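A.B. asks: I have a structure here, written as structure tokens, and I will follow up with some questions on it.
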Amino acid sequence: KIASSSTLVSGSTSPSFLRSAVLSGHGCCLCCSNTSRGCACHRARCLRGWADGVVGEIEKAGGKAIAVLGDVGDEKTAVGLADAALKKFGRIDILVNNAGIESVPRLLEDIPDAQWDRTLGVNLKGVFLCCQAAARQMVKQGGGRIITTASINGFRGVENLVGYNAAKAGIDGLTRSLAVEWVGDNIRVNAIAPGYVRTAHTDRLIAHDVHAPAS
């Protein structure tokens with residue numbers, strides 16, 4: 001039960017999502033992903049303000065929380081997130097992999113290497129790194145629960161989003177593999193695969209008319 005668990009939540013830069021993290025009655029370690037390349041200092045200040053607000057709400061409700069600012073595509077951030085939670089709460093019961101970025105809609109032949117690497121780095125490698133860091137502790141303590149955020153785009157063709165789609169398909173494969181690999185360690189791994197949810201990210205995609213499966 002989340003109400004009596006130590007929970008890690010990676011992502012997002014959205015204050016509306018951060019506020020949804022106020023469902024932990026015991027401990028919650030939030031990782032706010034600073035994945036933007038532009039206006040880094042201003043963005044970091046905004047993220048810190050949002051995160052601190054959520055920490056305050058959790059503590060006001062009687063729980064405990066800390067916030068870690070970083071890039072989940074960086075191994076140091078993933079390890080630091082797990083270490084911070086362990087130091088604060090003594091264990092890691094649940095990991096929610098929710099950090100992600102959208103791709104700039106482009107045809108495959110027009111995608112720069114840097115965009116491909118960044119999209120896969122955050123959306124797929126970030127999940128791998130957070131799972132790895134959290135599972136090391138879960139194995140030691142006798143179990144845990146991991147939730148990954150896939151997408152319907154991982155199961156169907158959507159034009160101009162090949163990097164994002166590939167990353168989400170990869171999350172599906174990663175989740176299935178880890179569920180089998182860690183079953184003997186009492187670590188349950190599941191994915192959710194939502195459709196479009198109205199956010200600032202999906203509004204930008206809708207503006208590019210990226211919303212329908214390829215025929």
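Residue numbering restarts at 1 for every chain of the structure tokens, chains are lettered A, B, ... in their displayed order, and ligands are numbered from 1 as they appear.
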Neighbours of stretch 146-159 of chain A within 8 Å (only C-alpha atoms; same-chain residues fewer than 4 positions away dropped), as a ChimeraX atom specification?
C.D. replies: /A:94-98,107,127,131,164-172,175,187-195,210-215
A.B. asks: Write the residues you've just listed into a file as a short mmCIF file (atom, residue, chain, number, x, y, z; two decimals), in the first residue's frame, and include N, CA, C and O atoms for each of them.
C.D. replies:
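Heads up, here's the output in again_11.cif:
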data_model
loop_
_atom_site.label_atom_id
_atom_site.label_comp_id
_atom_site.auth_asym_id
_atom_site.auth_seq_id
_atom_site.Cartn_x
_atom_site.Cartn_y
_atom_site.Cartn_z
N ILE A 94 8.55 1.21 -3.68
CA ILE A 94 7.90 1.42 -4.98
C ILE A 94 8.72 2.39 -5.82
O ILE A 94 9.20 3.41 -5.30
N LEU A 95 8.86 2.09 -7.09
CA LEU A 95 9.45 3.02 -8.06
C LEU A 95 8.42 3.28 -9.15
O LEU A 95 7.90 2.34 -9.76
N VAL A 96 8.14 4.55 -9.40
CA VAL A 96 7.26 4.93 -10.50
C VAL A 96 8.09 5.68 -11.53
O VAL A 96 8.57 6.79 -11.26
N ASN A 97 8.30 5.07 -12.68
CA ASN A 97 9.06 5.70 -13.76
C ASN A 97 8.12 6.53 -14.63
O ASN A 97 7.41 5.98 -15.47
N ASN A 98 8.12 7.82 -14.41
CA ASN A 98 7.19 8.67 -15.15
C ASN A 98 7.88 9.78 -15.95
O ASN A 98 7.24 10.48 -16.71
N LEU A 107 10.16 13.69 -39.83
CA LEU A 107 10.30 12.46 -40.57
C LEU A 107 11.62 11.80 -40.18
O LEU A 107 12.58 12.47 -39.79
N VAL A 127 14.61 5.05 -17.78
CA VAL A 127 13.85 3.99 -17.10
C VAL A 127 14.78 2.86 -16.68
O VAL A 127 14.71 2.35 -15.56
N CYS A 131 15.37 1.87 -12.78
CA CYS A 131 15.05 0.50 -12.38
C CYS A 131 16.28 -0.18 -11.77
O CYS A 131 16.19 -0.86 -10.74
N TYR A 164 10.28 8.65 -30.19
CA TYR A 164 9.40 8.48 -29.03
C TYR A 164 8.74 7.12 -29.05
O TYR A 164 8.70 6.40 -28.04
N ASN A 165 8.24 6.72 -30.22
CA ASN A 165 7.56 5.43 -30.35
C ASN A 165 8.51 4.28 -30.06
O ASN A 165 8.15 3.30 -29.39
N ALA A 166 9.74 4.37 -30.57
CA ALA A 166 10.73 3.33 -30.34
C ALA A 166 11.07 3.21 -28.86
O ALA A 166 11.23 2.11 -28.32
N ALA A 167 11.18 4.35 -28.19
CA ALA A 167 11.49 4.34 -26.76
C ALA A 167 10.37 3.68 -25.97
O ALA A 167 10.62 2.87 -25.06
N LYS A 168 9.13 4.00 -26.31
CA LYS A 168 8.00 3.43 -25.58
C LYS A 168 7.85 1.93 -25.86
O LYS A 168 7.48 1.15 -24.97
N ALA A 169 8.15 1.51 -27.09
CA ALA A 169 8.15 0.08 -27.39
C ALA A 169 9.25 -0.61 -26.59
O ALA A 169 9.08 -1.73 -26.11
N GLY A 170 10.38 0.08 -26.45
CA GLY A 170 11.48 -0.46 -25.66
C GLY A 170 11.10 -0.62 -24.20
O GLY A 170 11.52 -1.59 -23.54
N ILE A 171 10.33 0.31 -23.67
CA ILE A 171 9.88 0.21 -22.28
C ILE A 171 9.01 -1.03 -22.09
O ILE A 171 9.11 -1.73 -21.07
N ASP A 172 8.18 -1.31 -23.07
CA ASP A 172 7.35 -2.52 -22.99
C ASP A 172 8.22 -3.77 -22.92
O ASP A 172 8.01 -4.64 -22.07
N THR A 175 10.09 -3.86 -19.53
CA THR A 175 9.20 -4.23 -18.43
C THR A 175 8.94 -5.73 -18.41
O THR A 175 8.99 -6.36 -17.35
N ILE A 187 10.14 -8.91 -6.78
CA ILE A 187 9.98 -7.57 -7.35
C ILE A 187 8.98 -7.67 -8.50
O ILE A 187 9.23 -8.33 -9.50
N ARG A 188 7.85 -7.03 -8.33
CA ARG A 188 6.81 -7.06 -9.35
C ARG A 188 6.97 -5.85 -10.27
O ARG A 188 7.04 -4.71 -9.79
N VAL A 189 7.03 -6.08 -11.57
CA VAL A 189 7.25 -5.01 -12.54
C VAL A 189 6.08 -4.98 -13.52
O VAL A 189 5.78 -5.97 -14.18
N ASN A 190 5.41 -3.84 -13.60
CA ASN A 190 4.27 -3.67 -14.51
C ASN A 190 4.37 -2.34 -15.24
O ASN A 190 5.02 -1.40 -14.77
N ALA A 191 3.71 -2.27 -16.37
CA ALA A 191 3.67 -1.04 -17.15
C ALA A 191 2.24 -0.56 -17.32
O ALA A 191 1.30 -1.36 -17.34
N ILE A 192 2.07 0.73 -17.44
CA ILE A 192 0.81 1.30 -17.88
C ILE A 192 1.08 1.93 -19.25
O ILE A 192 2.18 2.42 -19.51
N ALA A 193 0.11 1.88 -20.13
CA ALA A 193 0.29 2.39 -21.49
C ALA A 193 -0.88 3.29 -21.85
O ALA A 193 -1.81 2.88 -22.54
N PRO A 194 -0.85 4.53 -21.40
CA PRO A 194 -1.98 5.43 -21.65
C PRO A 194 -2.01 5.93 -23.08
O PRO A 194 -1.02 5.86 -23.83
N GLY A 195 -3.16 6.45 -23.46
CA GLY A 195 -3.28 7.17 -24.72
C GLY A 195 -2.95 8.63 -24.46
O GLY A 195 -2.21 8.96 -23.53
N VAL A 210 -0.08 15.77 -34.85
CA VAL A 210 0.44 14.42 -34.63
C VAL A 210 -0.49 13.74 -33.64
O VAL A 210 -0.37 13.90 -32.44
N HIS A 211 -1.50 13.02 -34.14
CA HIS A 211 -2.48 12.47 -33.22
C HIS A 211 -3.11 11.18 -33.73
O HIS A 211 -3.91 10.57 -33.03
N ALA A 212 -2.76 10.73 -34.91
CA ALA A 212 -3.44 9.55 -35.47
C ALA A 212 -2.44 8.50 -35.90
O ALA A 212 -1.33 8.81 -36.31
N PRO A 213 -2.83 7.21 -35.82
CA PRO A 213 -1.94 6.15 -36.28
C PRO A 213 -1.68 6.27 -37.79
O PRO A 213 -2.53 6.72 -38.55
N ALA A 214 -0.48 5.85 -38.17
CA ALA A 214 -0.17 5.82 -39.60
C ALA A 214 -0.99 4.73 -40.26
O ALA A 214 -1.25 3.69 -39.67
N SER A 215 -1.41 4.95 -41.47
CA SER A 215 -2.22 3.96 -42.17
C SER A 215 -1.35 2.84 -42.71
O SER A 215 -0.16 2.98 -42.84
#
A.B. asks: Can you tell me which residues surround A:Gly143 at a distance of at most 12 Å, considering only C-alpha atoms, apart from same-chain residues fewer than 3 positions away, and format the answer as an mmCIF file with N, CA and C atoms, in the first residue's frame?
C.D. replies:
data_model
loop_
_atom_site.group_PDB
_atom_site.id
_atom_site.type_symbol
_atom_site.label_atom_id
_atom_site.label_comp_id
_atom_site.auth_asym_id
_atom_site.auth_seq_id
_atom_site.Cartn_x
_atom_site.Cartn_y
_atom_site.Cartn_z
ATOM 1 N N ARG A 91 14.460 2.466 3.034
ATOM 2 C CA ARG A 91 14.101 1.406 2.107
ATOM 3 C C ARG A 91 13.446 2.013 0.861
ATOM 4 N N ILE A 92 13.288 1.217 -0.177
ATOM 5 C CA ILE A 92 12.596 1.634 -1.397
ATOM 6 C C ILE A 92 11.553 0.570 -1.710
ATOM 7 N N ASP A 93 10.298 0.897 -1.510
ATOM 8 C CA ASP A 93 9.219 -0.068 -1.740
ATOM 9 C C ASP A 93 8.654 0.001 -3.152
ATOM 10 N N ILE A 94 8.554 1.214 -3.681
ATOM 11 C CA ILE A 94 7.904 1.416 -4.978
ATOM 12 C C ILE A 94 8.717 2.394 -5.817
ATOM 13 N N LEU A 95 8.857 2.086 -7.090
ATOM 14 C CA LEU A 95 9.449 3.015 -8.056
ATOM 15 C C LEU A 95 8.424 3.279 -9.149
ATOM 16 N N ALA A 134 17.067 1.355 -8.224
ATOM 17 C CA ALA A 134 16.090 0.987 -7.197
ATOM 18 C C ALA A 134 16.116 -0.509 -6.906
ATOM 19 N N ALA A 135 16.273 -1.328 -7.941
ATOM 20 C CA ALA A 135 16.224 -2.782 -7.757
ATOM 21 C C ALA A 135 17.390 -3.306 -6.927
ATOM 22 N N ARG A 136 18.512 -2.642 -6.990
ATOM 23 C CA ARG A 136 19.643 -3.075 -6.163
ATOM 24 C C ARG A 136 19.261 -3.092 -4.692
ATOM 25 N N GLN A 137 18.491 -2.080 -4.270
ATOM 26 C CA GLN A 137 18.037 -2.038 -2.886
ATOM 27 C C GLN A 137 16.869 -2.990 -2.664
ATOM 28 N N MET A 138 15.972 -3.087 -3.638
ATOM 29 C CA MET A 138 14.818 -3.977 -3.489
ATOM 30 C C MET A 138 15.245 -5.431 -3.326
ATOM 31 N N VAL A 139 16.260 -5.840 -4.055
ATOM 32 C CA VAL A 139 16.766 -7.210 -3.918
ATOM 33 C C VAL A 139 17.274 -7.439 -2.494
ATOM 34 N N LYS A 140 18.005 -6.473 -1.957
ATOM 35 C CA LYS A 140 18.558 -6.595 -0.603
ATOM 36 C C LYS A 140 17.465 -6.682 0.458
ATOM 37 N N ILE A 146 7.699 -2.030 -9.124
ATOM 38 C CA ILE A 146 8.162 -1.059 -10.110
ATOM 39 C C ILE A 146 7.072 -0.854 -11.155
ATOM 40 N N TRP A 182 13.202 -10.608 -12.294
ATOM 41 C CA TRP A 182 13.176 -10.329 -10.856
ATOM 42 C C TRP A 182 12.053 -11.022 -10.100
ATOM 43 N N VAL A 183 11.303 -11.903 -10.768
ATOM 44 C CA VAL A 183 10.194 -12.560 -10.082
ATOM 45 C C VAL A 183 10.689 -13.340 -8.867
ATOM 46 N N GLY A 184 11.868 -13.945 -8.961
ATOM 47 C CA GLY A 184 12.399 -14.700 -7.840
ATOM 48 C C GLY A 184 12.869 -13.836 -6.685
ATOM 49 N N ASP A 185 13.011 -12.536 -6.943
ATOM 50 C CA ASP A 185 13.416 -11.595 -5.894
ATOM 51 C C ASP A 185 12.227 -10.857 -5.300
ATOM 52 N N ASN A 186 11.008 -11.294 -5.661
ATOM 53 C CA ASN A 186 9.778 -10.682 -5.157
ATOM 54 C C ASN A 186 9.655 -9.211 -5.582
ATOM 55 N N ILE A 187 10.136 -8.913 -6.783
ATOM 56 C CA ILE A 187 9.978 -7.570 -7.349
ATOM 57 C C ILE A 187 8.977 -7.669 -8.497
ATOM 58 N N ARG A 188 7.853 -7.032 -8.334
ATOM 59 C CA ARG A 188 6.806 -7.059 -9.351
ATOM 60 C C ARG A 188 6.968 -5.848 -10.266
ATOM 61 N N VAL A 189 7.027 -6.083 -11.565
ATOM 62 C CA VAL A 189 7.245 -5.012 -12.535
ATOM 63 C C VAL A 189 6.078 -4.981 -13.517
#
A.B. asks: Residues near A:Asn160, anyone? I mean within 9 Å using only C-alpha atoms, not counting same-chain ones fewer than 2 positions away, as number ranges by chain.
C.D. replies: A: 103-108, 158, 162-163, 210
A.B. asks: Take the selection from the previous step and output its residues with N, CA, C and O atoms, as a compact mmCIF listing (two decimals), in the first residue's frame.
C.D. replies:
# COMPACT_ATOMS: atom_id res chain seq x y z
N SER A 103 9.33 14.19 -28.53
CA SER A 103 10.23 14.49 -29.64
C SER A 103 9.67 15.65 -30.46
O SER A 103 8.47 15.86 -30.52
N VAL A 104 10.56 16.39 -31.09
CA VAL A 104 10.11 17.35 -32.10
C VAL A 104 9.64 16.54 -33.31
O VAL A 104 10.39 15.71 -33.83
N PRO A 105 8.38 16.67 -33.72
CA PRO A 105 7.88 15.83 -34.82
C PRO A 105 8.68 16.03 -36.11
O PRO A 105 8.79 17.15 -36.62
N ARG A 106 9.29 14.96 -36.59
CA ARG A 106 10.07 15.01 -37.82
C ARG A 106 9.98 13.67 -38.52
O ARG A 106 9.79 12.64 -37.89
N LEU A 107 10.16 13.69 -39.83
CA LEU A 107 10.30 12.46 -40.57
C LEU A 107 11.62 11.80 -40.18
O LEU A 107 12.58 12.47 -39.79
N LEU A 108 11.70 10.49 -40.30
CA LEU A 108 12.89 9.76 -39.89
C LEU A 108 14.15 10.31 -40.55
O LEU A 108 15.18 10.49 -39.88
N VAL A 158 2.80 5.76 -35.38
CA VAL A 158 2.38 7.16 -35.39
C VAL A 158 3.46 7.94 -36.12
O VAL A 158 4.62 7.93 -35.71
N VAL A 162 9.05 8.75 -34.52
CA VAL A 162 9.67 7.43 -34.50
C VAL A 162 10.56 7.22 -33.27
O VAL A 162 10.59 6.14 -32.69
N GLY A 163 11.27 8.26 -32.82
CA GLY A 163 12.12 8.11 -31.65
C GLY A 163 11.32 7.87 -30.38
O GLY A 163 11.63 6.96 -29.59
N VAL A 210 -0.08 15.77 -34.85
CA VAL A 210 0.44 14.42 -34.63
C VAL A 210 -0.49 13.74 -33.64
O VAL A 210 -0.37 13.90 -32.44
A.B. asks: As a PDB file with N, CA and C atoms, in the first residue's frame, which residues of stretch 47-197 of chain A does DSSP assign to strand (DSSP E or B)?
C.D. replies:
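See part_15.pdb below for the written result:
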ATOM      1  N   LYS A  64       6.289  12.171   4.719  1.00  0.00           N
ATOM      2  CA  LYS A  64       7.649  12.666   4.596  1.00  0.00           C
ATOM      3  C   LYS A  64       8.013  12.683   3.119  1.00  0.00           C
ATOM      4  N   ALA A  65       8.821  13.646   2.700  1.00  0.00           N
ATOM      5  CA  ALA A  65       9.188  13.718   1.290  1.00  0.00           C
ATOM      6  C   ALA A  65      10.472  14.509   1.113  1.00  0.00           C
ATOM      7  N   ILE A  66      11.184  14.187   0.049  1.00  0.00           N
ATOM      8  CA  ILE A  66      12.330  14.971  -0.389  1.00  0.00           C
ATOM      9  C   ILE A  66      12.261  15.066  -1.907  1.00  0.00           C
ATOM     10  N   ALA A  67      12.928  16.054  -2.469  1.00  0.00           N
ATOM     11  CA  ALA A  67      12.938  16.233  -3.915  1.00  0.00           C
ATOM     12  C   ALA A  67      14.375  16.281  -4.420  1.00  0.00           C
ATOM     13  N   VAL A  68      14.609  15.627  -5.545  1.00  0.00           N
ATOM     14  CA  VAL A  68      15.927  15.599  -6.174  1.00  0.00           C
ATOM     15  C   VAL A  68      15.774  16.154  -7.586  1.00  0.00           C
ATOM     16  N   LEU A  69      16.579  17.139  -7.937  1.00  0.00           N
ATOM     17  CA  LEU A  69      16.527  17.742  -9.260  1.00  0.00           C
ATOM     18  C   LEU A  69      17.649  17.173 -10.122  1.00  0.00           C
ATOM     19  N   GLY A  70      17.301  16.647 -11.296  1.00  0.00           N
ATOM     20  CA  GLY A  70      18.337  16.080 -12.151  1.00  0.00           C
ATOM     21  C   GLY A  70      17.780  15.526 -13.439  1.00  0.00           C
ATOM     22  N   ILE A  94       8.554   1.214  -3.681  1.00  0.00           N
ATOM     23  CA  ILE A  94       7.904   1.416  -4.978  1.00  0.00           C
ATOM     24  C   ILE A  94       8.717   2.394  -5.817  1.00  0.00           C
ATOM     25  N   LEU A  95       8.857   2.086  -7.090  1.00  0.00           N
ATOM     26  CA  LEU A  95       9.449   3.015  -8.056  1.00  0.00           C
ATOM     27  C   LEU A  95       8.424   3.279  -9.149  1.00  0.00           C
ATOM     28  N   VAL A  96       8.136   4.545  -9.402  1.00  0.00           N
ATOM     29  CA  VAL A  96       7.255   4.932 -10.498  1.00  0.00           C
ATOM     30  C   VAL A  96       8.095   5.682 -11.529  1.00  0.00           C
ATOM     31  N   ASN A  97       8.296   5.072 -12.679  1.00  0.00           N
ATOM     32  CA  ASN A  97       9.063   5.696 -13.761  1.00  0.00           C
ATOM     33  C   ASN A  97       8.122   6.529 -14.626  1.00  0.00           C
ATOM     34  N   GLY A 144       9.893  -5.511  -3.877  1.00  0.00           N
ATOM     35  CA  GLY A 144       9.440  -4.162  -4.166  1.00  0.00           C
ATOM     36  C   GLY A 144       8.519  -4.169  -5.372  1.00  0.00           C
ATOM     37  N   ARG A 145       8.094  -3.003  -5.765  1.00  0.00           N
ATOM     38  CA  ARG A 145       7.185  -2.851  -6.901  1.00  0.00           C
ATOM     39  C   ARG A 145       7.720  -1.757  -7.821  1.00  0.00           C
ATOM     40  N   ILE A 146       7.699  -2.030  -9.124  1.00  0.00           N
ATOM     41  CA  ILE A 146       8.162  -1.059 -10.110  1.00  0.00           C
ATOM     42  C   ILE A 146       7.072  -0.854 -11.155  1.00  0.00           C
ATOM     43  N   ILE A 147       6.773   0.401 -11.443  1.00  0.00           N
ATOM     44  CA  ILE A 147       5.781   0.760 -12.453  1.00  0.00           C
ATOM     45  C   ILE A 147       6.472   1.598 -13.514  1.00  0.00           C
ATOM     46  N   THR A 148       6.343   1.204 -14.774  1.00  0.00           N
ATOM     47  CA  THR A 148       6.889   1.986 -15.873  1.00  0.00           C
ATOM     48  C   THR A 148       5.750   2.610 -16.668  1.00  0.00           C
ATOM     49  N   THR A 149       6.046   3.726 -17.316  1.00  0.00           N
ATOM     50  CA  THR A 149       5.044   4.404 -18.128  1.00  0.00           C
ATOM     51  C   THR A 149       5.374   4.194 -19.596  1.00  0.00           C
ATOM     52  N   VAL A 158       2.796   5.759 -35.379  1.00  0.00           N
ATOM     53  CA  VAL A 158       2.379   7.164 -35.386  1.00  0.00           C
ATOM     54  C   VAL A 158       3.461   7.939 -36.123  1.00  0.00           C
ATOM     55  N   ILE A 187      10.136  -8.913  -6.783  1.00  0.00           N
ATOM     56  CA  ILE A 187       9.978  -7.570  -7.349  1.00  0.00           C
ATOM     57  C   ILE A 187       8.977  -7.669  -8.497  1.00  0.00           C
ATOM     58  N   ARG A 188       7.853  -7.032  -8.334  1.00  0.00           N
ATOM     59  CA  ARG A 188       6.806  -7.059  -9.351  1.00  0.00           C
ATOM     60  C   ARG A 188       6.968  -5.848 -10.266  1.00  0.00           C
ATOM     61  N   VAL A 189       7.027  -6.083 -11.565  1.00  0.00           N
ATOM     62  CA  VAL A 189       7.245  -5.012 -12.535  1.00  0.00           C
ATOM     63  C   VAL A 189       6.078  -4.981 -13.517  1.00  0.00           C
ATOM     64  N   ASN A 190       5.411  -3.840 -13.604  1.00  0.00           N
ATOM     65  CA  ASN A 190       4.271  -3.672 -14.510  1.00  0.00           C
ATOM     66  C   ASN A 190       4.368  -2.340 -15.239  1.00  0.00           C
ATOM     67  N   ALA A 191       3.711  -2.272 -16.370  1.00  0.00           N
ATOM     68  CA  ALA A 191       3.672  -1.035 -17.151  1.00  0.00           C
ATOM     69  C   ALA A 191       2.239  -0.565 -17.323  1.00  0.00           C
ATOM     70  N   ILE A 192       2.071   0.733 -17.436  1.00  0.00           N
ATOM     71  CA  ILE A 192       0.809   1.305 -17.878  1.00  0.00           C
ATOM     72  C   ILE A 192       1.079   1.928 -19.250  1.00  0.00           C
TER      73      ILE A 192
END
A.B. asks: Can you measure atom CA of A:Gln141 to atom CA of A:Asp83 for me? One decimal in Å is fine.
C.D. replies: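 Answer for the atom CA of A:Gln141 to atom CA of A:Asp83 separation: 14.3 Å.
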A.B. asks: Please report the interatomic distance between atom CA of A:Ala114 and atom CA of A:Tyr196 in Å with one decimal.
C.D. replies: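 Result for atom CA of A:Ala114 versus atom CA of A:Tyr196: 25.5 Å, one decimal.
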A.B. asks: Do you have the atom CA of A:Leu81-atom CA of A:Gly53 distance handy?
C.D. replies: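 Going from atom CA of A:Leu81 over to atom CA of A:Gly53, I get 18.5 Å.
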A.B. asks: So, with only C-alpha atoms as the atoms that count, which of A:Ala133, A:Val197, A:Ala61, A:Leu124 lies closest to A:Leu174?
C.D. replies: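 Of the candidates, the smallest distance to A:Leu174 is held by A:Leu124.
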A.B. asks: Using only C-alpha atoms, which residue out of A:Ser6, A:Gly100, A:Ser177, A:Trp50 lies closest to A:Ala85?
C.D. replies: A:Ser6
A.B. asks: In terms of the shortest atom-to-atom distance over only C-alpha atoms, which of A:Ala99, A:Val180, A:Gly63, A:Phe128 is closest to A:Ser5?
C.D. replies: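 Smallest separation from A:Ser5 among the options: A:Gly63.
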A.B. asks: Could you check the closest approach to A:Asp110 for each of A:Glu181, A:Ser10, A:Arg48, A:Leu161 and tell me which residue wins, using only C-alpha atoms?
C.D. replies: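 Of A:Glu181, A:Ser10, A:Arg48, A:Leu161, the one nearest A:Asp110, counting only C-alpha atoms, is A:Leu161.
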A.B. asks: Based on the backbone DSSP call, show me all residues of stretch 43-100 of chain A assigned helix (DSSP H, G or I), as a PyMOL selection string.
C.D. replies: chain A and resi 43-60+75-89
